[in-house]
Amino acid sequence: MESRNTSSVRVRATNLAAAPAESTGRGAGERMQVRSMALNQAREAGGPVTLAAKVAQAVGQANFDRFLKGQATFSMIDATLDVLVPTTVLLNLVERRFADQLKQVAQREAPGKAVHVRYRVDRGAFESDAPPMPRATPLPVTLPPSSNLVSTPVKYRFDSFIVGRANRLACSAAQRIADDDGPVPLLFIHGSCGLGKTHLLRAAAARFQERRPGTLVRYTTAEAFTNEYIMAIRTGKTDQFRKNYRKVDFLCLDDVHFFARTNKDSTQNELMNTLDAAGVDGARIIVASDEHPKEITKLSDRLVSRFMAGAVVKIEPPDADLRGRLIRHLAQKRNLPLDDEAATLLAERSGRSAGALGGFGGSVREMEGLLNQVDAVHRLLPEYGLGTGTIGVALVRKALGIDQEQQAPMPAAMRVRRPTNAESIVAEVCRELAVDLNDFMGKGRHKRVVLARSLVASLSRRLTTMSFPEIARAMGRSNHSTIITAQKRIDRQIAEDVGRPLSAELAAGHAGRTLRELNDHLFRSLQRG
C-alpha cells in the first residue's frame, strides 16, 4: 500500500462490479478460436508475442487489464513461470483466480516438462509506477482548497445508481448526508457483496464536494486505513496521519468488515479516536460493511457502540423488478441489445444464483458475469442471434448452458436422472423449512437455520457430484470442514432416529414428522425436480 504525505493524499475506491473469471463452459473449439484471435492480434501489433500477451489471452483481456496490467510481471526460468506483484493482497487474488490459466501458460512454454508457477511479492519493483490495488482506483483528495474536487467517474454518481425497493432507504440516507446543511448522524450501510455500497459512498462524497467547494473529503477502505496507520507508526508520522483523517469535512470508510481479519487493537482504537475527533468537528461520516456492526467478529465493543449510535441501514438483495432494470442498465452500458425475453431470463437467473460458488443473488457482479457470457457467445456465435442484431432468449440460453429444447417425455424406466445442483437444494430446503435465504447464508445459529444447513450438506452429497469445498462455497461458507461435520452429524442423527417428532419451531410446516421422514420427503421432492 503506498504511503501518504502532506502534498498528495491518495484514496482507493472499490469497483462497482469485479470482473468475473473467464467462463469455463465454452467448448474446446471455441476456446481455441479465442486463443487464436488473441495471438493473431498480438502478432499484428508487431513483433513476437510476449509472455504477458500469452497470459492476457489465457485469463481474458478484460481480467488482464483490470488485475494484472502494470501490476504484474512474468518470466520463464527453466520450467518455472515467475509471477511478480507489488502486494500480498494482489498475490492472493492472482493465485486464487488465475492459478489454472497461469499453469497452462507455463506448460505451453515448457512442453513435456514438469512446470511450476512461483508467486513473489516485491513492492519496490513497482513503486515508480504506483499501480492501483486490484479493486481500487486511486483518486486525489485535496488538502489545499485550490484543488478540491474528488474525481469520481460518472458510474459512481447518484444519477447512475438504479434505485428500487431493496436499496431506496440506503440511497436516500446517503443523499441526505451529502445534501443536508444541518447536523447528520453517522451512517452505517451494510449488505452483501456487489449490491452498491461503494457506489453510494463515492456518490455521496462527490455530491458533498460539488455542493461545497473547498471542503476536505476523504474516501478510504479499512485495509488502507490500517496500512496507513502502521506505516505512520513505523515512519514516525502519526501526527500527519491524524491530520489527514481528523481534519476532514466528509469521511467515507469502506469495507469495515476487514477488521475481522486483524487482531490489531491499536488500529481500532485509532479509528475510534478518529471518528470521535472528526465527529466533534462536525464532519459527515459514512461507513460501509458486508455485515451488520454486531456481526463483525473481532470488532471492539466501543466501535460497535459507536456505529450503532448512528443510522444503520441495510441494502437488501434486489427483487425481480430491480434485477430486470439492472440487467437492462448494464447491458446498455455494454451495447448489448437484449430483447425483453432475454432480459427477463437473465434477471431470473441472476436471482437464482444466490449461493452458487459463494455468490449472492442479485449481485451486480453476478449480473456482470452473466452478461460476459452472453457477450462472448454473441461475438463468437452470431448464428444464435435473431438476425437483426438483437440478442434473444435462444442466445442467452446457449450462453448460460440452459437446455434449449424440451425433449419428449421418456418412460420412467428409461429416464436418466440428471444430478441436482446445490442451488436447487438450498432453495428447496429453505422453502420447506421456512428459512430466509439471507439467514441461511449468514452467520446466525438459530436451530432451524442450523438444521437447514445440515440437511443441505447431506442432500448435496447424495444428489450431486460436488466435493465438500464446492458444497461449502455453494452454501456461502469459507471453511468446508464445517460442512463435513454437519453432514456426518445429521446422517448419524437420521440413522439413529427413534421416531421422535419434530417441533413446529424446528421444522415449521413439518411438525410431527420425524427427522428421517423429513429427510426422505426432501430427497423425493428434489428427485422429482
# chains A, B, ... in the order shown; residues from 1 in each chain; ligands from 1
call {"tool": "closest_atom_pairs", "arguments": {"of": "range 301-330 of chain A", "to": "range 190-210 of chain A", "cutoff": "9 Å", "atoms": "only C-alpha atoms", "output": "tab-separated table"}}
result
residue	atom	partner	partner_atom	distance
A:Val312	CA	A:His190	CA	7.6
A:Val313	CA	A:His190	CA	6.4
A:Lys314	CA	A:His190	CA	4.9
A:Ile315	CA	A:Gly191	CA	5.0
A:Glu316	CA	A:Gly191	CA	6.4
A:Pro317	CA	A:Leu195	CA	6.9
A:Pro318	CA	A:Leu195	CA	8.1
call {"tool": "write_last_selection", "arguments": {"atoms": "N, CA, C and O atoms", "output": "mmCIF file, in the first residue's frame"}}
result
data_model
loop_
_atom_site.group_PDB
_atom_site.id
_atom_site.type_symbol
_atom_site.label_atom_id
_atom_site.label_comp_id
_atom_site.auth_asym_id
_atom_site.auth_seq_id
_atom_site.Cartn_x
_atom_site.Cartn_y
_atom_site.Cartn_z
ATOM 1 N N VAL A 312 -28.148 2.875 11.025
ATOM 2 C CA VAL A 312 -27.712 1.612 10.434
ATOM 3 C C VAL A 312 -28.749 1.179 9.401
ATOM 4 O O VAL A 312 -29.908 0.933 9.737
ATOM 5 N N VAL A 313 -28.326 1.111 8.142
ATOM 6 C CA VAL A 313 -29.256 0.835 7.040
ATOM 7 C C VAL A 313 -28.737 -0.348 6.236
ATOM 8 O O VAL A 313 -27.547 -0.410 5.906
ATOM 9 N N LYS A 314 -29.633 -1.270 5.906
ATOM 10 C CA LYS A 314 -29.251 -2.450 5.134
ATOM 11 C C LYS A 314 -29.711 -2.330 3.687
ATOM 12 O O LYS A 314 -30.829 -1.882 3.411
ATOM 13 N N ILE A 315 -28.845 -2.741 2.765
ATOM 14 C CA ILE A 315 -29.238 -2.894 1.363
ATOM 15 C C ILE A 315 -29.620 -4.359 1.160
ATOM 16 O O ILE A 315 -28.790 -5.254 1.344
ATOM 17 N N GLU A 316 -30.861 -4.605 0.803
ATOM 18 C CA GLU A 316 -31.346 -5.968 0.587
ATOM 19 C C GLU A 316 -31.007 -6.434 -0.827
ATOM 20 O O GLU A 316 -30.779 -5.617 -1.731
ATOM 21 N N PRO A 317 -30.969 -7.759 -1.054
ATOM 22 C CA PRO A 317 -30.823 -8.245 -2.428
ATOM 23 C C PRO A 317 -31.985 -7.737 -3.279
ATOM 24 O O PRO A 317 -33.124 -7.658 -2.788
ATOM 25 N N PRO A 318 -31.747 -7.365 -4.523
ATOM 26 C CA PRO A 318 -32.802 -6.764 -5.350
ATOM 27 C C PRO A 318 -33.908 -7.753 -5.689
ATOM 28 O O PRO A 318 -33.662 -8.946 -5.868
#
call {"tool": "select_by_dssp", "arguments": {"residues": "range 76-313 of chain A", "states": "helix (DSSP H, G or I)", "output": "ChimeraX atom specification"}}
result
/A:88-109,123-126,154-156,158-160,168-179,197-211,222-235,238-246,256-261,265-280,293-295,301-308
call {"tool": "residues_around", "arguments": {"residues": "Phe188 in chain A", "least_positions_apart": "6", "cutoff": "6 Å", "atoms": "only C-alpha atoms", "output": "PyMOL selection string"}}
result
chain A and resi 286-288+311-312
call {"tool": "select_by_dssp", "arguments": {"residues": "range 288-364 of chain A", "states": "strand (DSSP E)", "output": "list in words"}}
result
Ala288, Ser289, Ala311, Val312, Val313 and Lys314 of chain A
call {"tool": "atom_distance", "arguments": {"atom1": "CA of Thr465 in chain A", "atom2": "CA of Arg349 in chain A"}}
result
21.7 Å
call {"tool": "closest_residue", "arguments": {"among": "A:Asp375, A:Arg168, A:Leu502, A:Thr267", "to": "Thr238 in chain A", "atoms": "only C-alpha atoms"}}
result
A:Thr267
call {"tool": "closest_residue", "arguments": {"among": "A:Lys237, A:Arg325, A:Arg302, A:Arg108", "to": "Gly164 in chain A", "atoms": "only C-alpha atoms"}}
result
A:Arg325
call {"tool": "residues_around", "arguments": {"residues": "range 180-182 of chain A", "least_positions_apart": "6", "cutoff": "12 Å", "atoms": "only C-alpha atoms", "output": "list of chain:residue names"}}
result
A:Ser172, A:Ala173, A:Ala174, A:Ala204, A:Arg207, A:Phe208, A:Arg211, A:Arg212, A:Gly282, A:Ala283, A:Arg284
call {"tool": "write_last_selection", "arguments": {"atoms": "N, CA, C and O atoms", "output": "short mmCIF file (atom, residue, chain, number, x, y, z; two decimals), in the first residue's frame"}}
result
data_model
loop_
_atom_site.label_atom_id
_atom_site.label_comp_id
_atom_site.auth_asym_id
_atom_site.auth_seq_id
_atom_site.Cartn_x
_atom_site.Cartn_y
_atom_site.Cartn_z
N SER A 172 -31.45 7.07 -0.12
CA SER A 172 -31.98 8.32 0.45
C SER A 172 -31.12 8.81 1.61
O SER A 172 -30.87 10.01 1.75
N ALA A 173 -30.65 7.87 2.45
CA ALA A 173 -29.82 8.25 3.59
C ALA A 173 -28.48 8.82 3.13
O ALA A 173 -27.98 9.81 3.69
N ALA A 174 -27.90 8.22 2.08
CA ALA A 174 -26.62 8.72 1.56
C ALA A 174 -26.80 10.10 0.93
O ALA A 174 -25.94 10.98 1.08
N ALA A 204 -21.93 9.92 -2.65
CA ALA A 204 -22.16 10.91 -1.60
C ALA A 204 -20.96 11.83 -1.45
O ALA A 204 -21.13 13.06 -1.27
N ARG A 207 -21.03 14.28 -4.40
CA ARG A 207 -22.12 15.25 -4.26
C ARG A 207 -21.78 16.30 -3.20
O ARG A 207 -21.99 17.50 -3.39
N PHE A 208 -21.22 15.85 -2.07
CA PHE A 208 -20.89 16.77 -0.97
C PHE A 208 -19.87 17.80 -1.43
O PHE A 208 -20.01 18.99 -1.17
N ARG A 211 -21.18 20.41 -3.99
CA ARG A 211 -22.04 21.42 -3.38
C ARG A 211 -21.28 22.36 -2.45
O ARG A 211 -21.73 23.46 -2.16
N ARG A 212 -20.10 21.91 -1.98
CA ARG A 212 -19.34 22.71 -1.02
C ARG A 212 -17.87 22.77 -1.47
O ARG A 212 -17.01 22.11 -0.87
N GLY A 282 -17.77 18.23 13.50
CA GLY A 282 -18.91 18.32 12.60
C GLY A 282 -18.75 17.63 11.27
O GLY A 282 -19.51 17.90 10.33
N ALA A 283 -17.78 16.72 11.14
CA ALA A 283 -17.57 16.02 9.87
C ALA A 283 -18.72 15.05 9.60
O ALA A 283 -19.28 14.44 10.53
N ARG A 284 -19.08 14.91 8.32
CA ARG A 284 -20.05 13.89 7.92
C ARG A 284 -19.28 12.56 7.78
O ARG A 284 -18.18 12.54 7.23
#
call {"tool": "residues_around", "arguments": {"residues": "Leu326 in chain A", "least_positions_apart": "3", "cutoff": "10 Å", "atoms": "only C-alpha atoms", "output": "list in words"}}
result
Phe161, Ile162, Val163, Gly164, Pro318, Ala320, Asp321, Leu322, Arg323, His329, Leu330, Ala331, Gln332, Ala343, Ala347, Gly362, Ser363, Val364, Met367 and Glu368 of chain A
call {"tool": "closest_atom_pairs", "arguments": {"of": "range 268-362 of chain A", "to": "range 391-396 of chain A", "cutoff": "8 Å", "atoms": "only C-alpha atoms", "output": "JSON lines"}}
result
{"residue": "A:Leu336", "atom": "CA", "partner": "A:Ile391", "partner_atom": "CA", "distance": 7.3}
{"residue": "A:Pro337", "atom": "CA", "partner": "A:Ile391", "partner_atom": "CA", "distance": 5.7}
{"residue": "A:Leu338", "atom": "CA", "partner": "A:Ile391", "partner_atom": "CA", "distance": 4.8}
{"residue": "A:Asp339", "atom": "CA", "partner": "A:Gly392", "partner_atom": "CA", "distance": 5.6}
{"residue": "A:Glu341", "atom": "CA", "partner": "A:Val393", "partner_atom": "CA", "distance": 5.8}
{"residue": "A:Ala342", "atom": "CA", "partner": "A:Val393", "partner_atom": "CA", "distance": 4.3}
{"residue": "A:Leu345", "atom": "CA", "partner": "A:Val393", "partner_atom": "CA", "distance": 7.2}
{"residue": "A:Leu346", "atom": "CA", "partner": "A:Val396", "partner_atom": "CA", "distance": 7.5}
